[in-house]
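Visitor: Before we start, here is the structure in question, set down as structure tokens.
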Amino acid sequence: MSALSVRHLSKRFRGLQAVNSVSFEVPDRGIVALIGPNGAGKTTTFNLIAGAIRADGGEISLDGLRLDRLPPHRICAAGVARTFQLVRPFGELDVADNVLVGCLHGERDIGRARDAARDILQKLGLWEQRRRLASSLTLPDRKRLEVARALGTRPKILLLDEVMAGLRPVETDQMVAFFRAINRDLGVTILLTEHVMRAVMALAQHIVVLNHGEKIAEGAPQQVVRDPAVLECYLGEEAV
Amino acid sequence: MLDVYLNQIVSGVLTGLVYGLSALGLSVIFGVCRIINFAHGEMMVVGMYLALMLFRWAGLDPLLSIPIVGGVLFAAGYALQGGLINRLIGVPEHMQFIMLAALAIVIVSSCLMIFGPDLQNAPLSYAYDSYQIGPILVDKVKIMAGGAALVVAALLAAFFRWTYLGKAIRACGDNLTGAVVIGLNVKRLYALAFGIGAGCIGVAGCILLLLVDVQPYLATDYTLLAFVIVIVGGLGSLAGALIAGVLIGVSEAVAGLLVQPSLKSVFSFALLILVLLLRPQGLFGRQA
Amino acid sequence: MIRAWLGPIPPRARILLLIVLVLLLAAPWFVDTYVLSVLIIVLYVAYMGQAWNIMMGFAGLLSIGHALYFGIGAYTGAVLYMNFGVSPWIGMIAGGLLAAVAGAIIGALGFRFRITGVYFALLTIAFAEFARILMDNFAYTGASGGFFIKLGDPHAFDLWNLRGSPVMFYYLWLAFVIGALLLCRGLLSSRLGYFWLAIREDQEAAQALGINVFRYKMGAVVLSAALTAVGGVIYAFYNNNLFPATTFNVGRSVEMLLGATIGGVGTLMGPIVGAFILTPMGEGLTILVQPLQQGGLHLDGIKQVFYGLAVIAIVVFQRRGVWPWLARLFHLESRRDDRS
């Protein structure tokens with residue numbers, strides 16, 4: 001049973017076909033990675049799923065509910081949470097309030113939302129810094145904050161947009177462990193785009209490879225990294 | 001009947017050219033420095049008063065005072081930008097607005113102190129002359145004014161198109177980061193741009209003295225008018241400012257015939273609202 | 001800084017607030033009519049600033065055309081009273097509703113056509129000017145000649161029809177200022193307040209968290225417009241005369257936002273502090289300038305010159321507004337670890 005279903009998704013920007021009839025499924029409680037060289041259309045696909053931009057064609061559904069014509073806040077209400085490639089914390093609010101805003105989604109009682117926020121902050125190791133202004137955090141902490149905030153909305157599926165970028169290997173491993181944990185314990189489905197292969201190989205159960213806006217390969221991690229088409233798009237013809 | 005309309009249209013075109021020139025100044029300032037100059041009308045009034053003084057003391061026709069007034073306001077604008085407004089880059093818009101609105105108050109009140117509240121004008125020897133061209137009767141002052149505005153605008157356009165400095169200033173407006181990267185001294189260019197804008201506005205005021213009597217509170221109406229023109233014509237487009245100026249000038253002239261004169265500005269504001277909604281980059285502006 | 005007002009008020013600030021409140025309540029007993037009239041202006045600016053601040057501070061929309069809502073309220077209240085014998089309190093509701101509709105239209109146009117920042121500000125100016133010119137020619141309300149409310153007995157205390165002495169109006173304005181303050185405080189510390197803060201910080205991120213940005217922004221716009229109109233009604237009944245040129249003009253809009261901007265946009269106390277700084281400053285300058293004028297110097301307008309320079313100075317040195325600086329200086333905000 002698949003949670004997220006993407007079918008024949010297409011998007012054109014003036015002269016460029018950024019995403020060309022891409023289809024893939026993300027199984028419920030699964031972890032799928034979307035990889036590909038720069039300009040392959042990964043972030044565009046992400047933005048299409050999250051509703052930040054509108055698709056030209058194709059369908060996106062979450063548990064049978066069509067997402068592709070909904071505005072971003074309704075997509076979130078349907079259970080999709082996302083992080084941004086360039087982190088966007090609410091700089092003037094402190095860490096706790098940032099997560100609180102997320103937890104207030106669908107929760108009218110501030111007290112209960114605060115409790116939920118405390119929970120998440122503790123799980124992500126941000127409790128100690130709850131009073132600090134978001135704009136004063138280090139990059140890895142800001143990324144964690146972004147994830148924490150997104151989790152506050154109690155999503156079914158979490159979209160992670162290059163969340164490992166800029167992290168040191170140790171930090172990457174910590175994030176990977178964390179995502180594994182929420183996937184296992186909270187049943188959160190994860191779709192991530194990534195360049196950091198270390199994280200992809202450790203986390204993904206299934207990989208989809210894009211190049212020039214098209215899907216060129218898909219499968220289990222071990223398979224995909226040996227696929228000649230994949231190697232060619234990353235390393236060039238001669239390397240294969 | 002047609003004569004009346006034709007006369008009004010011609011009159012509107014000529015006056016509109018002057019409005020367009022003042023809007024040009026606003027457009028340069030916004031297009032380059034990204035500052036909304038709410039003290040625009042006030043600067044124009046200063047230009048008018050300067051021309052008035054030169055007329056009274058030296059008997060200079062306002063049109064001959066153009067270089068002087070332009071120079072004075074250029075210097076003032078340059079100093080203002082360097083000293084005061086450069087601190088405003090990056091400050092939220094409401095603060096910018098308040099600062100310039102306060103500046104406007106300072107200017108108007110200073111004019112009030114120095115010149116008093118009464119309407120004053122420069123009685124020119126040819127103030128009542130007019131030319132007859134076919135069915136159209138045009139005031140000589142209007143032709144001189146429109147012509148002068150056109151000449152100044154053309155000079156400005158030439159400056160921005162063909163001189164190095166002009167292109168450098170445009171570069172700052174187009175792509176600030178790029179300009180910094182290639183080593184342009186942005187602060188100085190901003191000051192220059194503001195100075196040029198201010199000078200332009202002052203010159204427009206100078207020319208306007210031919211057509212209108214001056215008093216300190218004239219300013220507000222002209223600020224709003226300039227904004228309408230700049231938005232309609234498109235920020236950053238010099239031709240757009242002039243053409244929109246003419247458009248507004250004509251519409252106000254004709255509106256004065258069709259409806260009560262006191263309602264004539266309604267058309268300008270209606271046009272502003274429509275343009276803001278439907279085509280915010282203006283008739284000639286680049287796509288935002 | 002924003003969080004400080006969502007939690008308990010620290011003891012220092014509490015005492016200060018209490019003192020100020022007591023002084024304000026007792027004021028009419030020990031000040032003369034001139035000072036009382038100045039205080040009324042201060043309260044008027046404070047109230048209007050708070051109403052404006054909701055749209056700017058909470059929804060992030062710069063409006064330089066709030067005079068539109070002010071005028072709608074003022075004229076609605078006045079006309080309903082003079083021509084239909086309706087109490088100004090009903091007038092407030094009617095005016096508030098009409099202004100809310102106007103605000104909704106302008107707000108919706110802005111969102112629908114994606115007009116922001118300066119362009120939106122110009123849009124608001126255009127609508128206000130449009131209204132001003134139309135009203136200048138609208139015979140039913142006296143056109144440019146003005147609309148007048150029949151003066152009542154100055155010693156009366158008719159709260160229902162708002163006919164009475166300046167003292168009555170003083171307490172009325174004070175009540176409304178306090179009411180607006182409590183309202184804003186309540187809103188800011190509610191779920192709505194957090195959403196507004198989020199929207200102000202980063203709209204797109206807020207949307208991704210499920211916040212319906214359009215709905216909440218519109219809420220702020222409509223509330224701000226309605227509250228402004230209510231103030232307009234009170235103003236109309238205090239002044240007893242209304243002219244389009246001074247009711248709908250840009251100057252009126254600027255007057256309403258100056259205090260809030262100087263005090264600190266987006267803060268609770270900013271508009272109030274700003275009002276308490278600007279108005280006395282203006283009056284103080286008038287007094288200071290008097291000896292100069294009596295000395296024979298023809299200096300009409302020198303007060304405004306100093307006023308303008310003072311505003312410029314404040315903007316240059318305190319770009320966030322005076323209140324945040326004062327609050328830090330005197331430790332008037334709660335420390336961050338106060339709440340668990």
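So you can find residues: chains in the structure tokens are A, B, ... in the order shown, residues in each start at 1, and ligands are numbered from 1 in order.
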Produce a table with one row for each residue of chain B that has an atom at most 6 Å from any atom of chain C, each row naming the nearest atom pair and its distance in Å at one decimal; use only C-alpha atoms; arrange rows by chain and rising residue number; format as CSV.
Guide:
residue,atom,partner,partner_atom,distance
B:Met99,CA,C:Ile312,CA,5.3
B:Ala102,CA,C:Gly308,CA,4.6
B:Ile105,CA,C:Gly308,CA,5.8
B:Val106,CA,C:Val305,CA,4.4
B:Ser109,CA,C:Gly301,CA,4.7
B:Met113,CA,C:Leu299,CA,5.2
B:Val266,CA,C:Phe130,CA,5.9
B:Phe269,CA,C:Ala126,CA,5.5
B:Leu277,CA,C:Phe113,CA,5.7
Visitor: Quick one: residues within 10 Å of region 149-157 of chain A, only C-alpha atoms counted, chain neighbours fewer than 2 positions away excluded, as a CSV table (one decimal) with C-alpha atoms, in the first residue's frame?
Guide:
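around_15.csv written:
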chain,number,residue,atom,x,y,z
A,3,ALA,CA,1.3,6.4,0.9
A,4,LEU,CA,2.5,8.8,-1.8
A,26,VAL,CA,6.5,5.8,-1.9
A,28,ASP,CA,3.5,3.6,3.5
A,29,ARG,CA,6.1,3.8,6.3
A,30,GLY,CA,8.9,3.6,3.7
A,31,ILE,CA,11.9,5.7,3.1
A,62,LEU,CA,-1.5,10.8,-0.7
A,63,ASP,CA,-3.5,7.8,0.5
A,76,CYS,CA,0.1,20.2,4.9
A,77,ALA,CA,-3.3,19.5,6.4
A,78,ALA,CA,-3.5,16.3,4.3
A,79,GLY,CA,-0.4,15.1,6.1
A,80,VAL,CA,2.6,16.3,4.1
A,81,ALA,CA,5.4,18.2,5.9
A,82,ARG,CA,8.5,19.5,4.3
A,83,THR,CA,11.8,21.1,5.0
A,89,PRO,CA,13.5,29.2,10.6
A,95,VAL,CA,13.4,27.6,19.2
A,96,ALA,CA,10.5,26.5,21.3
A,97,ASP,CA,8.1,28.9,19.6
A,98,ASN,CA,9.3,27.8,16.2
A,99,VAL,CA,8.3,24.2,17.0
A,100,LEU,CA,5.1,25.5,18.7
A,101,VAL,CA,3.9,27.0,15.5
A,102,GLY,CA,4.2,23.6,13.9
A,103,CYS,CA,2.5,21.9,16.7
A,104,LEU,CA,-0.4,24.4,16.6
A,105,HIS,CA,-1.4,22.9,13.3
A,106,GLY,CA,-4.7,21.2,13.9
A,107,GLU,CA,-4.4,21.8,17.7
A,113,ALA,CA,0.6,22.1,21.6
A,116,ALA,CA,3.8,18.2,22.0
A,117,ALA,CA,6.6,20.8,21.2
A,119,ASP,CA,8.3,16.2,23.3
A,120,ILE,CA,9.7,16.9,19.9
A,121,LEU,CA,12.4,19.2,21.2
A,143,LYS,CA,18.3,22.0,10.2
A,144,ARG,CA,17.2,20.0,13.2
A,145,LEU,CA,14.9,22.8,14.1
A,146,GLU,CA,13.4,22.8,10.7
A,147,VAL,CA,12.7,19.1,11.0
A,159,LEU,CA,9.7,15.6,2.6
A,160,LEU,CA,13.4,16.3,3.3
A,182,ILE,CA,11.0,8.4,13.7
A,183,ASN,CA,10.3,6.2,10.8
A,186,LEU,CA,6.3,7.1,14.7
A,187,GLY,CA,5.6,5.5,11.4
A,188,VAL,CA,6.5,8.6,9.4
A,189,THR,CA,7.0,7.9,5.7
A,190,ILE,CA,10.1,9.8,4.4
A,191,LEU,CA,10.9,11.0,0.9
C,205,ALA,CA,7.5,28.5,5.6
C,208,ALA,CA,4.2,24.7,4.6
C,209,LEU,CA,3.2,24.3,8.2
C,210,GLY,CA,-0.4,24.4,7.3
Visitor: Write out as a Markdown table the residues of chain C that have any atom within 7 Å of an atom of chain A, one row each with the nearest atom pair and its distance in Å to one decimal, counting only C-alpha atoms, sorted by chain and then rising number.
Guide:
| residue | atom | partner | partner_atom | distance |
| --- | --- | --- | --- | --- |
| C:Arg191 | CA | A:Ile110 | CA | 6.7 |
| C:Tyr194 | CA | A:Val101 | CA | 6.4 |
| C:Phe195 | CA | A:Val101 | CA | 6.8 |
| C:Ala198 | CA | A:Phe90 | CA | 6.5 |
| C:Glu201 | CA | A:Phe90 | CA | 5.5 |
| C:Asp202 | CA | A:Phe90 | CA | 6.6 |
| C:Ala205 | CA | A:Arg88 | CA | 6.5 |
| C:Gln207 | CA | A:His73 | CA | 4.9 |
| C:Ala208 | CA | A:Pro72 | CA | 5.8 |
| C:Leu209 | CA | A:Gly102 | CA | 5.8 |
| C:Gly210 | CA | A:His73 | CA | 3.9 |
| C:Ile211 | CA | A:His73 | CA | 5.5 |
| C:Asn212 | CA | A:His73 | CA | 5.7 |
| C:Arg336 | CA | A:Arg131 | CA | 6.2 |
| C:Asp337 | CA | A:Arg131 | CA | 7.0 |
Visitor: With C-alpha atoms retained, could you export that selection as a compact mmCIF listing (two decimals), in the first residue's frame?
Guide:
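What ended up in again32.txt:
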# COMPACT_ATOMS: atom_id res chain seq x y z
CA ARG C 191 -2.91 30.63 18.50
CA TYR C 194 1.57 32.82 16.75
CA PHE C 195 0.30 32.31 13.22
CA ALA C 198 4.96 33.13 11.65
CA GLU C 201 8.57 36.06 9.62
CA ASP C 202 8.31 33.83 6.59
CA ALA C 205 7.46 28.51 5.63
CA GLN C 207 2.19 27.92 4.60
CA ALA C 208 4.23 24.75 4.59
CA LEU C 209 3.22 24.34 8.24
CA GLY C 210 -0.44 24.39 7.35
CA ILE C 211 -1.16 28.04 8.05
CA ASN C 212 -3.73 29.56 5.73
CA ARG C 336 13.84 34.29 28.67
CA ASP C 337 13.93 31.50 31.24
Visitor: Can you tell me which residues surround region 142-154 of chain C at a distance of at most 12 Å, considering only C-alpha atoms, apart from same-chain residues fewer than 4 positions away, and format the answer as an NGL selection string?
Guide: (:B and (262-263)) or (:C and (71 or 74-83 or 85 or 88 or 131-138 or 158-159 or 161-169 or 233 or 235-248))
Visitor: Using only C-alpha atoms, which residues sit within 6 Å of region 225-242 of chain B once same-chain residues fewer than 2 positions away are excluded, as a PyMOL selection string?
Guide: chain B and resi 20+23-24+27+31+222-223+244-245+272+281-285
